[in-house]
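Before any comments, here is the structure.
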Amino acid sequence: MSSPLLYAKNLSTGYHSGGRKIVVSAGLPGLEIDRGRMICLLGANGSGKSTLLRTLAGLQPALGGTVAVGGATHLSPADLARRISLVLTDRVVGTNLDVYSLVVLGRYPWSGWLGGLDAADRSAVGRAMDAAGIMDLQHRKVHTLSDGESQKVMLARALAQDTPLLMLDEPTAHLDLPSRIRLMRLLHTLTREMNKGILLSTHELDLALQVADELWLLQSGGVLHKGAPEDMVLEGVFEAAFAGEDVVFDRATGVFRIHPEGGPAIRLEGDGTLAFWTRRALQREGFTVIREETADRVVRIIEEKSAPRWVLETAGSSRSYTSIGALLRELK
Amino acid sequence: MNGSIRKLSLTGLLLLLVLACVLDISAGAVRIPLHDIFRILFSRAPAADASWSFIVDKIRLPKAITAILAGCGLSVGGLQMQTLFRNPLADPGVLGITAGASLGVAAVMLTGGSMTTIYAIKELGPSGSWLIACAACVGAGMAMLLVLVLSGRLRDNVMMLIIGLMIGSVTLALISIWQYFSNPEEVKDYLLWTFGSLGGVTGKQLSILGLIVGVGLIAAWLSSKMLDALLLGENYARSMGLTVRRARTIIVCTTSLLAGVITAFCGPIGFIGIAVPHLARLCFNTSSHRILIPACCLIGAILLLLCDCISQWPGTQAVLPINIITSLVGAPLVILLLVRRRNLSINAYR
């Protein structure tokens, strides 16, 4: 097996301020990024995700421990730039820059010292714009781009840098849901087709669970859990991580529950999509949905010739509804 | 398409530069026919009037060359500062270099004893004096050293912008104290210097100005790749392999050299440094410094030559200070261009 693209040992992150060390995360476990792997870094606001990402990328020095990129610990800025490319949260405004010129800037570590491009540079720029799907944007000025377009352009710039390792700081922030999904799928494709190692920080747990090969869950103070997403869910890492806070991670569905449990019990009989959405509706109304026969109220889903019915049985009575809305009105 | 527009702009500007040069040399209190000017410039044959040769060779030609050098230097310095600080309002003065030069001059003029000052000025004119030039160089150099020492301790370019402005403000306050306690004649001398002047830089002084501005311009052009990277901000620049601190030192030194030496010989000339980079971006529609730096040189030289023509309005004996003309003519020009190109958002200049 080849050596990892990046590994970090005993890492402590933080920064110096007025001669004092401010530690953000201390004693992190060994971290590795391999070729072709997509790693999502999760964590609450202020848990130190960006600081960790910036430290791994070499933008700020580590307070302790080592970061080795391609097996070497002390790379010159130019060598580092040929191994790691970044998409940051910094907004790039105007300066009369057009999209093509911005992507060309990604060739900085490879181009001649006046910034001239050769054929290899030009083809790398073309491939990057093609992969990011921004060919039609190339003559636009940067300040006229929407957030989603701008994010894709910054990704294209990073791809033009042609590094084995790509790091992105909250690339899905400010994007609408379809754009988020498209971006995540694009990144996933890059790991599979171009064999890149990708580390990205995000708040999108549900998307991360779907696309990541590995999750790093960072908690404030430097506790970092890592593993395959499914293992982490089954081991109850997320439930434990958020225990004590007023949010609950539902292991069965893989999402955070907005509505707290603890209301009156109701039994749900049924399967499939109908049962899933009925359960969600009941939970929203504050019910604790159970499968056991201890509840005094039962909702039974009856599927008849494409028109489902919901039958609500309470002590002695039984009524039927044709929609979830009608059922909920009755339960109120 | 973009390329052909660029070539057209370039040809147009080159023609305009030649035109502005001829216009500047022919403008002045003494009317010299155009063909006599060409004869003096190119054939070295004696002109119809012997004094014309002297006027063209010793006064008008050096002044035009000074205008070109100052126009190039100030514009490129302004472009570098606007990129380094990602601020459309930055000019070569933001580092406090111009203010430092002014402090040097004020120190000599206001406290150096009226004897030396008055002697120097009477002998050589307020801008052509070696004493004044040296004092301005020392002042500019000290301001630059201070900025460099402080910049070594900072990671952030914006903090540096603030520090430059603070240095400038302290320096100007010191000058004000000096002015407050000086007698009116000395203050007037100093005020005359602050109006700026392109005349009086001749002979050795002109070669020195040319040499230093030339070195500065070449250094600026060679750092155009660094400047391009800085367009995306320091973090991206660093991620692309730029050593931001070293780049900052090089850019600050280049701009200080340009602004310092031009202020030393011509006095503080405002406006050109802010406006020309914007005009260059408008004309060439690019952000690449490899193109913008030569573009700034061309436009800066043309603008300053034209301002110099206007300052000695044909047919009158009066000569207005160049510093007044640059603002009076230049500012409306920029407003006009911006308003006419409404499709360009102001974001484009950030």
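Ligands are numbered from 1 in the order shown, chains are lettered A, B, ... in the order of the structure tokens, and residues start at 1 in each chain.
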Can you check which residues of chain A have any atom within 10 Å of chain B? Use only C-alpha atoms and format it as a ChimeraX atom specification.
/A:54,57-60,76-98,101-102,105-116,141-144,158,161
Take the residues just selected and output them with C-alpha atoms as a PDB file, in the first residue's frame.
ATOM      1  CA  ARG A  54      -6.073  25.431   7.849  1.00  0.00           C
ATOM      2  CA  ALA A  57      -3.287  22.747   4.695  1.00  0.00           C
ATOM      3  CA  GLY A  58      -0.259  24.620   6.026  1.00  0.00           C
ATOM      4  CA  LEU A  59      -1.964  28.024   6.128  1.00  0.00           C
ATOM      5  CA  GLN A  60      -1.180  28.300   9.817  1.00  0.00           C
ATOM      6  CA  SER A  76       8.427  24.953   0.942  1.00  0.00           C
ATOM      7  CA  PRO A  77       5.258  26.936   0.161  1.00  0.00           C
ATOM      8  CA  ALA A  78       5.761  26.220  -3.540  1.00  0.00           C
ATOM      9  CA  ASP A  79       6.083  22.447  -3.011  1.00  0.00           C
ATOM     10  CA  LEU A  80       3.071  22.451  -0.707  1.00  0.00           C
ATOM     11  CA  ALA A  81       1.043  24.283  -3.349  1.00  0.00           C
ATOM     12  CA  ARG A  82       1.786  21.453  -5.797  1.00  0.00           C
ATOM     13  CA  ARG A  83       0.338  18.913  -3.354  1.00  0.00           C
ATOM     14  CA  ILE A  84      -2.637  20.637  -1.696  1.00  0.00           C
ATOM     15  CA  SER A  85      -5.187  22.951  -3.257  1.00  0.00           C
ATOM     16  CA  LEU A  86      -7.822  24.798  -1.286  1.00  0.00           C
ATOM     17  CA  VAL A  87     -11.326  26.156  -1.564  1.00  0.00           C
ATOM     18  CA  LEU A  88     -11.821  28.604   1.277  1.00  0.00           C
ATOM     19  CA  THR A  89     -14.723  30.586   2.651  1.00  0.00           C
ATOM     20  CA  ASP A  90     -12.951  33.859   1.734  1.00  0.00           C
ATOM     21  CA  ARG A  91     -15.044  35.695  -0.774  1.00  0.00           C
ATOM     22  CA  VAL A  92     -13.316  36.758  -3.951  1.00  0.00           C
ATOM     23  CA  VAL A  93     -14.763  40.018  -5.161  1.00  0.00           C
ATOM     24  CA  GLY A  94     -14.250  41.633  -8.481  1.00  0.00           C
ATOM     25  CA  THR A  95     -10.897  43.230  -9.179  1.00  0.00           C
ATOM     26  CA  ASN A  96     -12.175  43.122 -12.759  1.00  0.00           C
ATOM     27  CA  LEU A  97     -11.321  39.429 -12.808  1.00  0.00           C
ATOM     28  CA  ASP A  98     -13.042  37.133 -15.279  1.00  0.00           C
ATOM     29  CA  SER A 101      -8.339  34.341 -15.532  1.00  0.00           C
ATOM     30  CA  LEU A 102      -9.313  33.224 -12.050  1.00  0.00           C
ATOM     31  CA  LEU A 105      -4.443  31.567 -11.331  1.00  0.00           C
ATOM     32  CA  GLY A 106      -4.702  27.963 -10.137  1.00  0.00           C
ATOM     33  CA  ARG A 107      -1.714  27.206 -12.369  1.00  0.00           C
ATOM     34  CA  TYR A 108       0.383  29.554 -10.218  1.00  0.00           C
ATOM     35  CA  PRO A 109       2.631  26.838  -8.710  1.00  0.00           C
ATOM     36  CA  TRP A 110       3.380  25.408 -12.162  1.00  0.00           C
ATOM     37  CA  SER A 111       3.562  28.414 -14.498  1.00  0.00           C
ATOM     38  CA  GLY A 112       6.663  30.382 -15.439  1.00  0.00           C
ATOM     39  CA  TRP A 113       7.806  33.166 -13.176  1.00  0.00           C
ATOM     40  CA  LEU A 114       5.990  35.863 -15.107  1.00  0.00           C
ATOM     41  CA  GLY A 115       2.858  33.737 -15.072  1.00  0.00           C
ATOM     42  CA  GLY A 116       3.003  32.640 -18.715  1.00  0.00           C
ATOM     43  CA  LYS A 141     -16.791  38.641 -14.448  1.00  0.00           C
ATOM     44  CA  VAL A 142     -16.342  37.108 -11.019  1.00  0.00           C
ATOM     45  CA  HIS A 143     -18.465  39.714  -9.238  1.00  0.00           C
ATOM     46  CA  THR A 144     -21.515  38.834 -11.362  1.00  0.00           C
ATOM     47  CA  ALA A 158      -8.403  24.358  -7.149  1.00  0.00           C
ATOM     48  CA  GLN A 161      -3.831  23.530  -9.441  1.00  0.00           C
TER      49      GLN A 161
END
Neighbour list for stretch 242-253 of chain A as a ChimeraX atom specification, cut-off 12 Å, only C-alpha atoms, skip fewer than 2 positions in-chain:
/A:43-44,205-206,209,217-220,229-240,255-261,276-277,279-280
Give me, as an NGL selection string, the residues of stretch 174-338 of chain B that a backbone DSSP run labels helix (DSSP H, G or I).
:B and (174-181 or 184-194 or 203-222 or 224-230 or 234-239 or 244-266 or 272-284 or 289-311 or 322-338)
Give the strand (DSSP E or B) residues of stretch 15-85 of chain A, as assigned by DSSP on the backbone, as a PDB file with C-alpha atoms, in the first residue's frame.
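Output file selection-v4.pdb follows:
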ATOM      1  CA  TYR A  15      -3.014  30.303  17.163  1.00  0.00           C
ATOM      2  CA  HIS A  16      -0.766  32.831  18.837  1.00  0.00           C
ATOM      3  CA  SER A  17      -2.321  36.003  20.099  1.00  0.00           C
ATOM      4  CA  ARG A  20      -0.015  33.740  24.250  1.00  0.00           C
ATOM      5  CA  LYS A  21      -0.942  30.406  22.764  1.00  0.00           C
ATOM      6  CA  ILE A  22      -4.646  29.900  22.298  1.00  0.00           C
ATOM      7  CA  VAL A  23      -5.233  26.176  21.904  1.00  0.00           C
ATOM      8  CA  VAL A  24      -8.276  25.205  19.865  1.00  0.00           C
ATOM      9  CA  SER A  25      -7.811  21.444  19.649  1.00  0.00           C
ATOM     10  CA  LEU A  31      -5.152  11.565  10.958  1.00  0.00           C
ATOM     11  CA  GLU A  32      -4.605  10.177   7.479  1.00  0.00           C
ATOM     12  CA  ILE A  33      -5.891  11.101   4.040  1.00  0.00           C
ATOM     13  CA  MET A  38     -13.515  11.492   0.531  1.00  0.00           C
ATOM     14  CA  ILE A  39     -13.418  12.609   4.127  1.00  0.00           C
ATOM     15  CA  CYS A  40     -16.011  14.909   5.674  1.00  0.00           C
ATOM     16  CA  LEU A  41     -15.057  16.900   8.742  1.00  0.00           C
ATOM     17  CA  LEU A  42     -18.073  17.574  10.915  1.00  0.00           C
ATOM     18  CA  GLY A  43     -18.439  19.598  14.051  1.00  0.00           C
ATOM     19  CA  GLY A  64       2.302  20.902  18.408  1.00  0.00           C
ATOM     20  CA  GLY A  65       2.745  17.621  16.557  1.00  0.00           C
ATOM     21  CA  THR A  66       3.581  17.084  12.926  1.00  0.00           C
ATOM     22  CA  VAL A  67       1.792  17.253   9.612  1.00  0.00           C
ATOM     23  CA  ALA A  68       3.475  15.325   6.813  1.00  0.00           C
ATOM     24  CA  VAL A  69       2.376  15.901   3.218  1.00  0.00           C
ATOM     25  CA  ALA A  72       7.671  15.202   4.052  1.00  0.00           C
ATOM     26  CA  ILE A  84      -2.637  20.637  -1.696  1.00  0.00           C
ATOM     27  CA  SER A  85      -5.187  22.951  -3.257  1.00  0.00           C
TER      28      SER A  85
END
Identify which of the residues A:Leu224, A:Ser179, A:Met154, A:Ala241 lies closest to A:Leu11, counting only C-alpha atoms when measuring atom-to-atom distances.
A:Leu224
Give the answer as one residue: which of B:Val329, B:Val201, B:Ile262, B:Ile37 has the shortest atom-to-atom distance to B:Leu69, using only C-alpha atoms?
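Selected residue with least distance to B:Leu69: B:Ile262.
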Can you tell me, as a ChimeraX atom specification, what residues are no more than 8 Å from A:Asp147 when counting only C-alpha atoms, ignoring any on the same chain fewer than 4 positions away?
/A:151,174-175
Output file for the residues above (N, CA and C atoms, as a PDB file, in the first residue's frame):
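Result written to result.pdb:
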ATOM      1  N   GLN A 151     -18.911  29.154  -6.191  1.00  0.00           N
ATOM      2  CA  GLN A 151     -18.319  27.994  -5.524  1.00  0.00           C
ATOM      3  C   GLN A 151     -17.726  27.025  -6.551  1.00  0.00           C
ATOM      4  N   HIS A 174     -24.177  28.562   1.958  1.00  0.00           N
ATOM      5  CA  HIS A 174     -24.799  29.528   1.041  1.00  0.00           C
ATOM      6  C   HIS A 174     -25.379  28.900  -0.223  1.00  0.00           C
ATOM      7  N   LEU A 175     -25.328  27.573  -0.368  1.00  0.00           N
ATOM      8  CA  LEU A 175     -25.862  26.977  -1.586  1.00  0.00           C
ATOM      9  C   LEU A 175     -27.269  26.449  -1.330  1.00  0.00           C
TER      10      LEU A 175
END
If we count only C-alpha atoms, what is near B:Cys253 at a cut-off of 12 Å, once residues fewer than 2 positions away on the same chain are taken out, given as a PyMOL selection string?
chain B and resi 77+80-81+92+95+97+140-141+143-149+151+215-217+219-220+223+246-251+255-261
Produce a file of the selected residues containing N, CA and C atoms, as a short mmCIF file (atom, residue, chain, number, x, y, z; two decimals), in the first residue's frame.
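Now in out25.cif:
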data_model
loop_
_atom_site.label_atom_id
_atom_site.label_comp_id
_atom_site.auth_asym_id
_atom_site.auth_seq_id
_atom_site.Cartn_x
_atom_site.Cartn_y
_atom_site.Cartn_z
N GLY B 77 2.75 52.51 -8.99
CA GLY B 77 2.72 52.43 -7.53
C GLY B 77 1.30 52.31 -7.02
N GLN B 80 -0.10 48.83 -7.66
CA GLN B 80 0.42 47.85 -6.71
C GLN B 80 -0.28 47.95 -5.36
N MET B 81 -0.49 49.19 -4.89
CA MET B 81 -1.14 49.37 -3.60
C MET B 81 -2.59 48.90 -3.65
N PRO B 92 -0.20 55.48 -4.03
CA PRO B 92 1.17 55.28 -3.50
C PRO B 92 1.39 55.97 -2.16
N LEU B 95 1.13 54.34 2.13
CA LEU B 95 2.13 53.78 3.04
C LEU B 95 2.77 54.86 3.91
N ILE B 97 4.65 57.14 2.65
CA ILE B 97 5.93 57.50 2.02
C ILE B 97 5.93 58.97 1.60
N ALA B 140 11.35 60.04 3.03
CA ALA B 140 10.62 58.92 2.45
C ALA B 140 11.25 57.60 2.88
N GLY B 141 12.59 57.57 2.89
CA GLY B 141 13.29 56.34 3.28
C GLY B 141 12.99 55.95 4.71
N ALA B 143 10.30 56.74 6.46
CA ALA B 143 8.92 56.26 6.53
C ALA B 143 8.85 54.82 6.03
N MET B 144 9.59 54.53 4.94
CA MET B 144 9.57 53.19 4.37
C MET B 144 10.15 52.17 5.34
N LEU B 145 11.28 52.53 5.98
CA LEU B 145 11.89 51.62 6.95
C LEU B 145 10.92 51.31 8.07
N LEU B 146 10.26 52.35 8.57
CA LEU B 146 9.30 52.16 9.66
C LEU B 146 8.18 51.21 9.23
N VAL B 147 7.66 51.44 8.01
CA VAL B 147 6.59 50.57 7.51
C VAL B 147 7.09 49.13 7.37
N LEU B 148 8.32 48.98 6.87
CA LEU B 148 8.86 47.63 6.66
C LEU B 148 9.06 46.90 7.98
N VAL B 149 9.63 47.61 8.98
CA VAL B 149 9.86 46.99 10.29
C VAL B 149 8.52 46.53 10.87
N SER B 151 5.77 45.94 9.20
CA SER B 151 5.11 44.93 8.36
C SER B 151 5.66 43.55 8.63
N VAL B 215 14.21 51.29 -12.63
CA VAL B 215 14.41 50.10 -11.79
C VAL B 215 13.10 49.69 -11.12
N GLY B 216 12.39 50.70 -10.59
CA GLY B 216 11.13 50.42 -9.92
C GLY B 216 10.10 49.79 -10.85
N LEU B 217 10.01 50.32 -12.08
CA LEU B 217 9.03 49.80 -13.02
C LEU B 217 9.36 48.37 -13.43
N ALA B 219 11.06 46.20 -11.65
CA ALA B 219 10.78 45.36 -10.48
C ALA B 219 9.28 45.09 -10.36
N ALA B 220 8.48 46.13 -10.62
CA ALA B 220 7.03 45.96 -10.53
C ALA B 220 6.54 44.97 -11.58
N SER B 223 7.23 41.47 -10.72
CA SER B 223 6.42 40.89 -9.64
C SER B 223 4.95 40.79 -10.04
N ARG B 246 7.14 37.91 2.04
CA ARG B 246 8.21 38.34 1.14
C ARG B 246 7.63 39.17 -0.01
N ALA B 247 6.49 38.72 -0.54
CA ALA B 247 5.85 39.45 -1.63
C ALA B 247 5.52 40.86 -1.17
N ARG B 248 5.00 40.95 0.06
CA ARG B 248 4.61 42.27 0.58
C ARG B 248 5.82 43.18 0.68
N THR B 249 6.95 42.63 1.18
CA THR B 249 8.15 43.44 1.30
C THR B 249 8.60 43.95 -0.07
N ILE B 250 8.59 43.06 -1.06
CA ILE B 250 9.04 43.47 -2.40
C ILE B 250 8.13 44.57 -2.94
N ILE B 251 6.81 44.37 -2.79
CA ILE B 251 5.87 45.34 -3.34
C ILE B 251 5.98 46.69 -2.63
N THR B 255 7.07 50.22 -4.48
CA THR B 255 6.21 51.40 -4.46
C THR B 255 6.88 52.55 -3.73
N SER B 256 7.57 52.25 -2.62
CA SER B 256 8.24 53.30 -1.87
C SER B 256 9.30 53.98 -2.72
N LEU B 257 10.05 53.15 -3.45
CA LEU B 257 11.10 53.67 -4.31
C LEU B 257 10.50 54.64 -5.33
N LEU B 258 9.43 54.18 -5.99
CA LEU B 258 8.80 55.00 -7.03
C LEU B 258 8.23 56.28 -6.42
N ALA B 259 7.39 56.12 -5.39
CA ALA B 259 6.72 57.29 -4.82
C ALA B 259 7.73 58.22 -4.16
N GLY B 260 8.72 57.63 -3.49
CA GLY B 260 9.71 58.43 -2.77
C GLY B 260 10.51 59.32 -3.71
N VAL B 261 11.04 58.71 -4.77
CA VAL B 261 11.93 59.49 -5.64
C VAL B 261 11.13 60.52 -6.44
#
Atomic separation - atom CA of B:Leu328 relative to atom CA of B:Ile212, Å:
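For atom CA of B:Ile212 relative to atom CA of B:Leu328, the distance reads 28.5 Å.
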Extract, using only C-alpha atoms, all DNA, RNA and protein residues at most 9 Å from B:Gly168, discarding same-chain residues fewer than 5 positions from it, and format them as a ChimeraX atom specification.
/B:93-100,143,163,173
Show me, as a list in words, the residues that have an atom within 10 Å of B:Thr194 when counting only C-alpha atoms, minus same-chain residues fewer than 3 positions from it.
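That gives Ser102, Val105, Ala106, Pro126, Ser127, Lys188, Asp189, Tyr190, Leu191, Ser197, Thr263, Cys266, Gly267, Pro268, Ile269, Pro321 and Asn323 of chain B.
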Taking N, CA and C atoms for each residue, export the selection above as a compact mmCIF listing (two decimals), in the first residue's frame.
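This is the output file part21.txt:
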# COMPACT_ATOMS: atom_id res chain seq x y z
N SER B 102 7.44 64.64 2.64
CA SER B 102 7.04 66.01 2.98
C SER B 102 7.67 66.44 4.31
N VAL B 105 11.20 67.47 3.73
CA VAL B 105 11.27 68.79 3.11
C VAL B 105 10.93 69.88 4.13
N ALA B 106 9.88 69.63 4.91
CA ALA B 106 9.47 70.62 5.90
C ALA B 106 10.59 70.86 6.90
N PRO B 126 12.29 75.83 -6.27
CA PRO B 126 11.90 75.00 -5.14
C PRO B 126 11.95 73.50 -5.40
N SER B 127 11.79 73.08 -6.65
CA SER B 127 11.75 71.63 -6.82
C SER B 127 13.07 71.09 -7.32
N LYS B 188 5.27 79.67 3.26
CA LYS B 188 4.88 79.83 1.86
C LYS B 188 5.78 79.01 0.94
N ASP B 189 7.10 79.03 1.25
CA ASP B 189 8.02 78.21 0.46
C ASP B 189 7.58 76.75 0.48
N TYR B 190 7.26 76.29 1.70
CA TYR B 190 6.88 74.89 1.85
C TYR B 190 5.59 74.61 1.07
N LEU B 191 4.64 75.53 1.19
CA LEU B 191 3.36 75.34 0.49
C LEU B 191 3.59 75.25 -1.02
N SER B 197 5.70 70.26 -8.88
CA SER B 197 6.21 70.90 -10.08
C SER B 197 7.00 69.89 -10.89
N THR B 263 8.31 62.01 -5.46
CA THR B 263 7.96 63.09 -4.54
C THR B 263 9.19 63.96 -4.26
N CYS B 266 9.65 66.04 -7.66
CA CYS B 266 8.51 66.79 -8.22
C CYS B 266 7.54 67.30 -7.16
N GLY B 267 7.76 66.94 -5.93
CA GLY B 267 6.77 67.30 -4.90
C GLY B 267 5.63 66.29 -4.94
N PRO B 268 4.72 66.41 -3.98
CA PRO B 268 3.63 65.44 -3.95
C PRO B 268 2.65 65.71 -5.08
N ILE B 269 2.47 64.71 -5.96
CA ILE B 269 1.49 64.84 -7.04
C ILE B 269 0.37 63.86 -6.76
N PRO B 321 -0.04 75.29 -10.60
CA PRO B 321 0.67 74.13 -10.06
C PRO B 321 0.06 72.83 -10.58
N ASN B 323 -0.24 69.90 -9.29
CA ASN B 323 -1.05 69.13 -8.34
C ASN B 323 -2.52 69.53 -8.40
Please determine, counting only C-alpha atoms, which residue among A:Ala120, A:Ala275, A:Ala212, A:Leu53 has the shortest atom-to-atom distance to A:Glu170.
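So, comparing all the options, the nearest one is A:Leu53.
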Nearest to B:Gly71, chosen from B:Leu298, B:Ser311, B:Ile274, B:Ser169, with only C-alpha atoms counted in the distances
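Answer, going by the shortest atom-to-atom distance: B:Leu298.
For the pair atom CA of A:Asn195 and atom CA of A:Pro4, the separation is 12.5 Å.
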Shell of 10 Å around B:Ile32, only C-alpha atoms, local chain residues under 3 positions omitted, as an mmCIF file with C-alpha atoms, in the first residue's frame:
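The resulting file, part_2.cif, is shown below:
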data_model
loop_
_atom_site.group_PDB
_atom_site.id
_atom_site.type_symbol
_atom_site.label_atom_id
_atom_site.label_comp_id
_atom_site.auth_asym_id
_atom_site.auth_seq_id
_atom_site.Cartn_x
_atom_site.Cartn_y
_atom_site.Cartn_z
ATOM 1 C CA ILE B 25 6.725 70.506 -25.634
ATOM 2 C CA SER B 26 5.004 73.095 -27.800
ATOM 3 C CA ALA B 27 2.976 74.551 -24.934
ATOM 4 C CA GLY B 28 4.430 77.360 -22.924
ATOM 5 C CA ALA B 29 4.763 81.067 -22.489
ATOM 6 C CA HIS B 35 8.461 72.661 -37.320
ATOM 7 C CA ASP B 36 11.117 74.504 -35.337
ATOM 8 C CA ILE B 37 10.486 72.210 -32.385
ATOM 9 C CA ALA B 47 16.632 77.187 -34.815
ATOM 10 C CA ALA B 48 15.450 80.516 -36.142
ATOM 11 C CA ASP B 49 15.839 81.936 -32.652
ATOM 12 C CA TRP B 52 14.317 78.482 -28.696
ATOM 13 C CA SER B 53 16.957 75.760 -28.681
ATOM 14 C CA ILE B 55 13.997 76.491 -24.110
ATOM 15 C CA VAL B 56 13.281 73.185 -25.819
#
Distance of atom CA of A:Lys49 from atom CA of A:Ile181, expressed in Å to one decimal place:
21.1 Å
